[in-house]
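A.B. asks: Below is the file model.cif, with mmCIF, C-alpha atoms.
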```
data_start
loop_
_atom_site.label_atom_id
_atom_site.label_comp_id
_atom_site.auth_asym_id
_atom_site.auth_seq_id
_atom_site.Cartn_x
_atom_site.Cartn_y
_atom_site.Cartn_z
CA HIS O 1 2.76 -10.23 7.59
CA TYR O 2 3.52 -10.48 3.84
CA GLN O 3 5.80 -13.24 2.54
CA SER O 4 6.66 -14.52 -0.92
CA LYS O 5 9.54 -16.43 -2.49
CA ASN O 6 10.88 -13.34 -4.27
CA GLY O 7 12.21 -12.19 -0.89
CA THR O 8 9.29 -10.17 0.42
CA ASP O 9 9.10 -10.44 4.21
CA LEU O 10 7.23 -7.41 5.49
CA VAL O 11 5.17 -6.65 8.59
CA ILE O 12 2.69 -3.75 8.49
CA GLY O 13 1.00 -2.43 11.61
CA LEU O 14 -2.39 -0.75 11.42
CA PRO O 15 -3.87 1.94 13.69
CA ASN O 16 -6.33 0.80 16.35
CA ASN O 17 -9.43 2.14 14.61
CA TYR O 18 -8.56 1.09 11.06
CA ARG O 19 -10.94 -0.41 8.58
CA PHE O 20 -10.55 -1.68 5.05
CA ALA O 21 -12.39 0.34 2.44
CA ALA O 22 -13.28 -0.22 -1.19
CA ALA O 23 -12.61 2.26 -3.96
CA ASN O 24 -15.92 4.08 -3.93
CA ALA O 25 -16.04 7.80 -3.17
CA VAL O 26 -12.97 8.41 -1.03
CA GLN O 27 -12.49 11.38 1.29
CA SER O 28 -9.01 12.89 1.04
CA ARG O 29 -7.42 15.02 3.73
CA TYR O 30 -7.97 17.97 1.39
CA ASN O 31 -11.76 17.68 1.87
CA SER O 32 -12.61 16.50 -1.62
CA GLU O 33 -14.39 13.30 -2.60
CA PHE O 34 -13.36 11.34 -5.66
CA VAL O 35 -13.49 7.82 -7.10
CA PRO O 36 -9.84 6.76 -7.38
CA ASN O 37 -10.21 4.03 -9.98
CA LEU O 38 -12.69 2.19 -12.14
CA PRO O 39 -12.83 -0.76 -12.47
CA THR O 40 -11.60 -1.78 -9.05
CA GLU O 41 -10.58 -5.04 -7.38
CA GLU O 42 -8.95 -3.66 -4.24
CA VAL O 43 -9.76 -3.21 -0.59
CA PHE O 44 -7.31 -0.99 1.24
CA ALA O 45 -6.28 0.37 4.62
CA SER O 46 -3.87 3.00 5.93
CA PRO O 47 -0.84 1.75 7.88
CA HIS O 48 0.49 3.18 11.09
CA LYS O 49 3.31 5.36 9.80
CA ASP O 50 5.88 4.00 12.28
CA LYS O 51 4.94 0.31 12.19
CA VAL O 52 6.30 -1.04 8.92
CA ASP O 53 9.33 -3.32 9.13
CA GLY O 54 11.08 -5.69 6.74
CA ILE O 55 11.71 -5.88 3.03
CA VAL O 56 9.41 -5.90 0.02
CA TYR O 57 10.09 -6.55 -3.66
CA SER O 58 8.09 -5.17 -6.55
CA SER O 59 6.22 -7.62 -8.76
CA LYS O 60 5.38 -5.30 -11.67
CA ALA O 61 6.98 -2.29 -13.28
CA LEU O 62 5.86 1.13 -12.08
CA SER O 63 5.31 3.98 -14.51
CA TYR O 64 5.84 7.35 -12.81
CA ASN O 65 5.80 10.68 -14.66
CA GLY O 66 6.75 8.96 -17.90
CA ASN O 67 9.61 6.99 -16.33
CA ILE O 68 9.76 3.25 -15.64
CA ILE O 69 10.88 1.81 -12.32
CA ASP O 70 11.32 -1.96 -12.34
CA LYS O 71 12.76 -4.81 -10.29
CA PHE O 72 13.10 -2.75 -7.14
CA PHE O 73 13.14 -3.44 -3.41
CA LEU O 74 12.48 -1.38 -0.30
CA LYS O 75 13.67 -2.04 3.23
CA PHE O 76 11.70 -0.49 6.09
CA GLU O 77 12.57 0.12 9.71
CA ASN O 78 10.08 1.74 12.08
CA GLY O 79 7.97 2.74 9.10
CA LYS O 80 10.69 4.50 7.11
CA VAL O 81 12.53 3.38 3.97
CA VAL O 82 16.15 2.87 5.07
CA ASP O 83 17.47 1.09 1.99
CA TYR O 84 16.29 0.58 -1.58
CA GLY O 85 17.46 -0.37 -5.03
CA ALA O 86 16.19 -0.79 -8.57
CA GLU O 87 17.55 -2.45 -11.69
CA VAL O 88 15.62 0.08 -13.77
CA GLY O 89 14.78 3.65 -12.75
CA TYR O 90 16.82 4.03 -9.58
CA ASP O 91 16.96 7.83 -9.84
CA THR O 92 13.19 8.06 -10.34
CA LEU O 93 12.61 5.81 -7.32
CA LYS O 94 14.94 8.01 -5.29
CA SER O 95 13.01 11.12 -6.34
CA ILE O 96 9.79 9.61 -4.98
CA ILE O 97 11.32 8.53 -1.67
CA ASP O 98 13.01 11.92 -1.18
CA PHE O 99 10.04 14.01 -2.36
CA ASP O 100 9.00 15.20 1.11
CA GLU O 101 9.07 14.12 4.73
CA GLY O 102 6.26 11.59 4.31
CA SER O 103 7.12 10.13 0.91
CA CYS O 104 9.54 7.61 2.46
CA ARG O 105 6.68 6.03 4.45
CA LEU O 106 3.56 4.11 3.47
CA GLY O 107 0.10 5.61 3.13
CA GLU O 108 -1.76 2.55 1.88
CA CYS O 109 -1.76 -1.23 1.86
CA ALA O 110 -4.22 -2.81 -0.57
CA LEU O 111 -5.32 -6.40 -1.10
CA VAL O 112 -6.05 -7.71 -4.60
CA PRO O 113 -6.27 -11.42 -5.51
CA PHE O 114 -3.76 -12.76 -8.01
CA HIS O 115 -6.59 -14.41 -9.94
CA SER O 116 -8.59 -11.26 -10.59
CA PRO O 117 -10.02 -10.38 -14.02
CA ILE O 118 -7.49 -7.60 -14.64
CA SER O 119 -4.56 -9.72 -13.48
CA GLU O 120 -5.55 -12.60 -15.74
CA MET O 121 -5.46 -10.31 -18.77
CA ASN O 122 -1.67 -10.42 -18.20
CA ILE O 123 -1.27 -6.90 -19.58
CA LEU O 124 0.91 -4.19 -18.08
CA PHE O 125 -0.99 -0.98 -18.82
CA TYR O 126 1.74 1.37 -17.55
CA ASN O 127 -1.09 3.23 -15.84
CA THR O 128 -1.24 2.74 -12.10
CA LEU O 129 -5.03 3.08 -11.83
CA PHE O 130 -5.34 -0.07 -13.95
CA ASP O 131 -2.18 -1.92 -12.93
CA GLU O 132 -2.85 -1.65 -9.20
CA ASN O 133 -6.07 -3.63 -9.71
CA ALA O 134 -4.05 -6.59 -10.94
CA SER O 135 -1.94 -6.90 -7.81
CA CYS O 136 -1.68 -6.43 -4.09
CA HIS O 137 0.02 -3.09 -3.70
CA LEU O 138 1.40 -0.52 -1.32
CA ALA O 139 1.70 3.24 -1.70
CA PHE O 140 4.28 5.79 -0.73
CA GLY O 141 2.92 8.97 0.79
CA ASP O 142 -0.46 10.24 1.87
CA THR O 143 -3.26 8.23 3.47
CA TYR O 144 -6.99 8.01 2.77
CA LEU O 145 -9.21 9.13 5.64
CA GLU O 146 -12.00 6.71 4.71
CA THR O 147 -9.87 3.91 6.12
CA LEU O 148 -10.63 5.13 9.64
CA LYS O 149 -13.81 4.32 11.54
CA ASP O 150 -15.92 7.42 12.18
CA TYR O 151 -13.50 9.54 10.14
CA GLY O 152 -16.30 11.98 9.31
CA ASN O 153 -16.55 13.03 12.96
CA MET O 154 -12.83 13.45 13.52
CA LYS O 155 -10.79 16.65 13.68
CA GLU O 156 -7.25 17.26 12.45
CA GLU O 157 -5.81 16.80 15.95
CA ASP O 158 -7.51 13.37 16.11
CA PHE O 159 -5.71 12.24 12.96
CA LYS O 160 -2.37 13.36 14.40
CA LYS O 161 -2.85 11.08 17.39
CA LEU O 162 -3.32 8.06 15.13
CA ASN O 163 0.14 8.39 13.55
CA LEU O 164 -1.03 8.27 9.95
CA ASN O 165 1.33 9.36 7.23
CA GLU O 166 1.10 12.72 5.49
CA SER O 167 2.61 13.67 2.14
CA VAL O 168 1.88 15.72 -0.94
CA ILE O 169 2.18 12.57 -3.08
CA HIS O 170 0.53 9.16 -3.18
CA VAL O 171 2.29 6.63 -5.43
CA ASP O 172 1.09 3.02 -5.67
CA PHE O 173 3.45 0.16 -6.51
CA MET O 174 2.66 -3.50 -7.07
CA ILE O 175 3.89 -6.33 -4.83
CA GLY O 176 1.39 -9.14 -5.45
CA ALA O 177 2.70 -12.53 -6.54
CA LYS O 178 1.19 -15.95 -7.21
CA ASP O 179 2.83 -17.31 -4.05
CA LEU O 180 2.15 -14.33 -1.78
CA ASP O 181 0.97 -15.31 1.69
CA ILE O 182 -0.53 -12.77 4.09
CA ILE O 183 -1.21 -13.52 7.74
CA GLY O 184 -3.15 -11.06 9.87
CA TYR O 185 -2.88 -10.95 13.66
CA ASP O 186 -5.83 -9.94 15.80
CA PHE O 187 -5.59 -7.93 19.02
CA ASN O 188 -4.89 -11.15 20.94
CA ASN O 189 -1.97 -11.83 18.56
CA LYS O 190 -3.81 -14.82 17.09
CA PRO O 191 -2.80 -15.47 13.44
CA HIS O 192 -5.38 -15.60 10.65
CA GLN O 193 -4.53 -16.60 7.09
CA ILE O 194 -5.79 -13.80 4.81
CA PHE O 195 -4.06 -14.74 1.53
CA LYS O 196 -2.58 -18.06 0.44
CA ASN O 197 -0.72 -18.42 -2.84
CA GLY O 198 -1.78 -14.96 -3.93
CA ASN O 199 -5.52 -15.31 -3.30
CA TRP O 200 -8.09 -14.81 -0.57
CA THR O 201 -8.62 -17.56 1.98
CA ILE O 202 -11.52 -15.76 3.68
#
```
Kindly present the structure from the file in structure tokens form.
C.D. replies:
Amino acid sequence: HYQSKNGTDLVIGLPNNYRFAAANAVQSRYNSEFVPNLPTEEVFASPHKDKVDGIVYSSKALSYNGNIIDKFFLKFENGKVVDYGAEVGYDTLKSIIDFDEGSCRLGECALVPFHSPISEMNILFYNTLFDENASCHLAFGDTYLETLKDYGNMKEEDFKKLNLNESVIHVDFMIGAKDLDIIGYDFNNKPHQIFKNGNWTI
């Protein structure tokens, strides 16, 4: 459960066999391994495609195909974007959301402390592979298979049963803020404070 004073109030459900991964060699669904970004500050997981509800506000501008999207919000119901807006780059945001069947759902949720080395540089690089390491972020589109336990032994039909999102695209956008709180709930619905005021509590 993500909450911050800018209006973010978002609940993200994870599949039963999820795990958080770091940005080492990542296995994509297209059977290729790659290192997504260096340097890295993030740990990330893949959401259940139907279990995202609430509203989230961006905290940094997003550069996408040479266009800037800034000061935008997304409202989710049952995993799907049902409303959105942007002060800058509305048409570009719309093109991402409407790109294919899975681009209106999330494929990643990543945790990055507000007081990380890249964040404290206070520079917007206009390059997602740097900017996402300065902020907690989410991503439209495709998931990373490494975020599943025993993913190497799974078949395509196994992934389908887990309700992970599929898309041709994967677009990260930043939501971290200095007052962001994140509470995780275990399988007994017991709350655990993960982030407080933008930083790790564990």
A.B. asks: Neighbouring residues of stretch 136-138 of chain O were defined as those with any atom within 10 Å, considering only C-alpha atoms; residues of the same chain fewer than 5 positions away were excluded. Please report them as number ranges by chain.
C.D. replies: O: 41-47, 56, 58-60, 106-114, 131, 170-177, 180, 198-199
A.B. asks: Pick from O:Leu148, O:Ile183, O:Ile97, O:Leu10: nearest to O:Asn163, with only C-alpha atoms counted?
C.D. replies: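 Nearest to O:Asn163: O:Leu148.
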A.B. asks: Looking at O:Phe20, O:Thr40, O:Ser167, O:Leu14, which one is nearest to O:Ser119, with distances taken over all atoms listed in the file?
C.D. replies: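 So, comparing all the options, the nearest one is O:Thr40.
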A.B. asks: Decode the PyMOL selection byres ((chain O and resi 100) around 9) for the given file into explicit residues and return them as a PyMOL selection string.
C.D. replies: chain O and resi 96-99+101-104+141+167-169
A.B. asks: List the residues selected by the PyMOL selection byres ((chain O and resi 3) around 12) in the file shown, writing them as a VMD selection string.
C.D. replies: chain O and resid 1 to 2 4 to 12 54 to 57 175 to 184 193 to 198
A.B. asks: So, with only C-alpha atoms as the atoms that count, which of O:Ile118, O:Asn165, O:Phe187, O:Asn65 lies closest to O:Lys80?
C.D. replies: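 Result for the nearest residue to O:Lys80: O:Asn165.
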A.B. asks: Find the residues around O:Lys149 up to 7 Å (all atoms listed in the file counted), leave out those fewer than 6 positions away in its own chain, and share them as a JSON list (two decimals) with C-alpha atoms, keeping the file's coordinate frame.
C.D. replies:
```json
[["chain", "number", "residue", "atom", "x", "y", "z"],
["O", 17, "ASN", "CA", -9.43, 2.14, 14.61],
["O", 18, "TYR", "CA", -8.56, 1.09, 11.06],
["O", 19, "ARG", "CA", -10.94, -0.41, 8.58]]
```
A.B. asks: Find the residue from O:Asp83, O:Glu166, O:Asp91, O:Asp158 that sits nearest to O:Phe140; use only C-alpha atoms when measuring.
C.D. replies: O:Glu166
A.B. asks: Report the distance between atom CA of O:Asp50 and atom CA of O:Lys160 in Å, rounded to one decimal place.
C.D. replies: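 Separation of atom CA of O:Asp50 and atom CA of O:Lys160: 12.7 Å.
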A.B. asks: What does the distance from atom CA of O:Leu164 to atom CA of O:Ile68 come to in Å, to one decimal?
C.D. replies: 28.2 Å
A.B. asks: I'd like to know which of O:Ala21, O:Leu93, O:Val52, O:Met154 is closest to O:Ile69, using all atoms listed in the file.
C.D. replies: O:Leu93
A.B. asks: One decimal, Å: what's the distance from atom CA of O:Leu74 over to atom CA of O:Val88, could you say?
C.D. replies: 13.9 Å
A.B. asks: Take the point (20.9, -4.2, -3.1) as written in the file and pick out every residue within 9 Å of it, counting all atoms listed in the file; give the list as number ranges by chain.
C.D. replies: O: 72-73, 83-86
A.B. asks: Looking at O:Ile202, O:Asp150, O:Lys51, O:Tyr64, which one is nearest to O:Leu129, with distances taken over all atoms listed in the file?
C.D. replies: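 Ranked by minimum distance to O:Leu129, first place goes to O:Tyr64.
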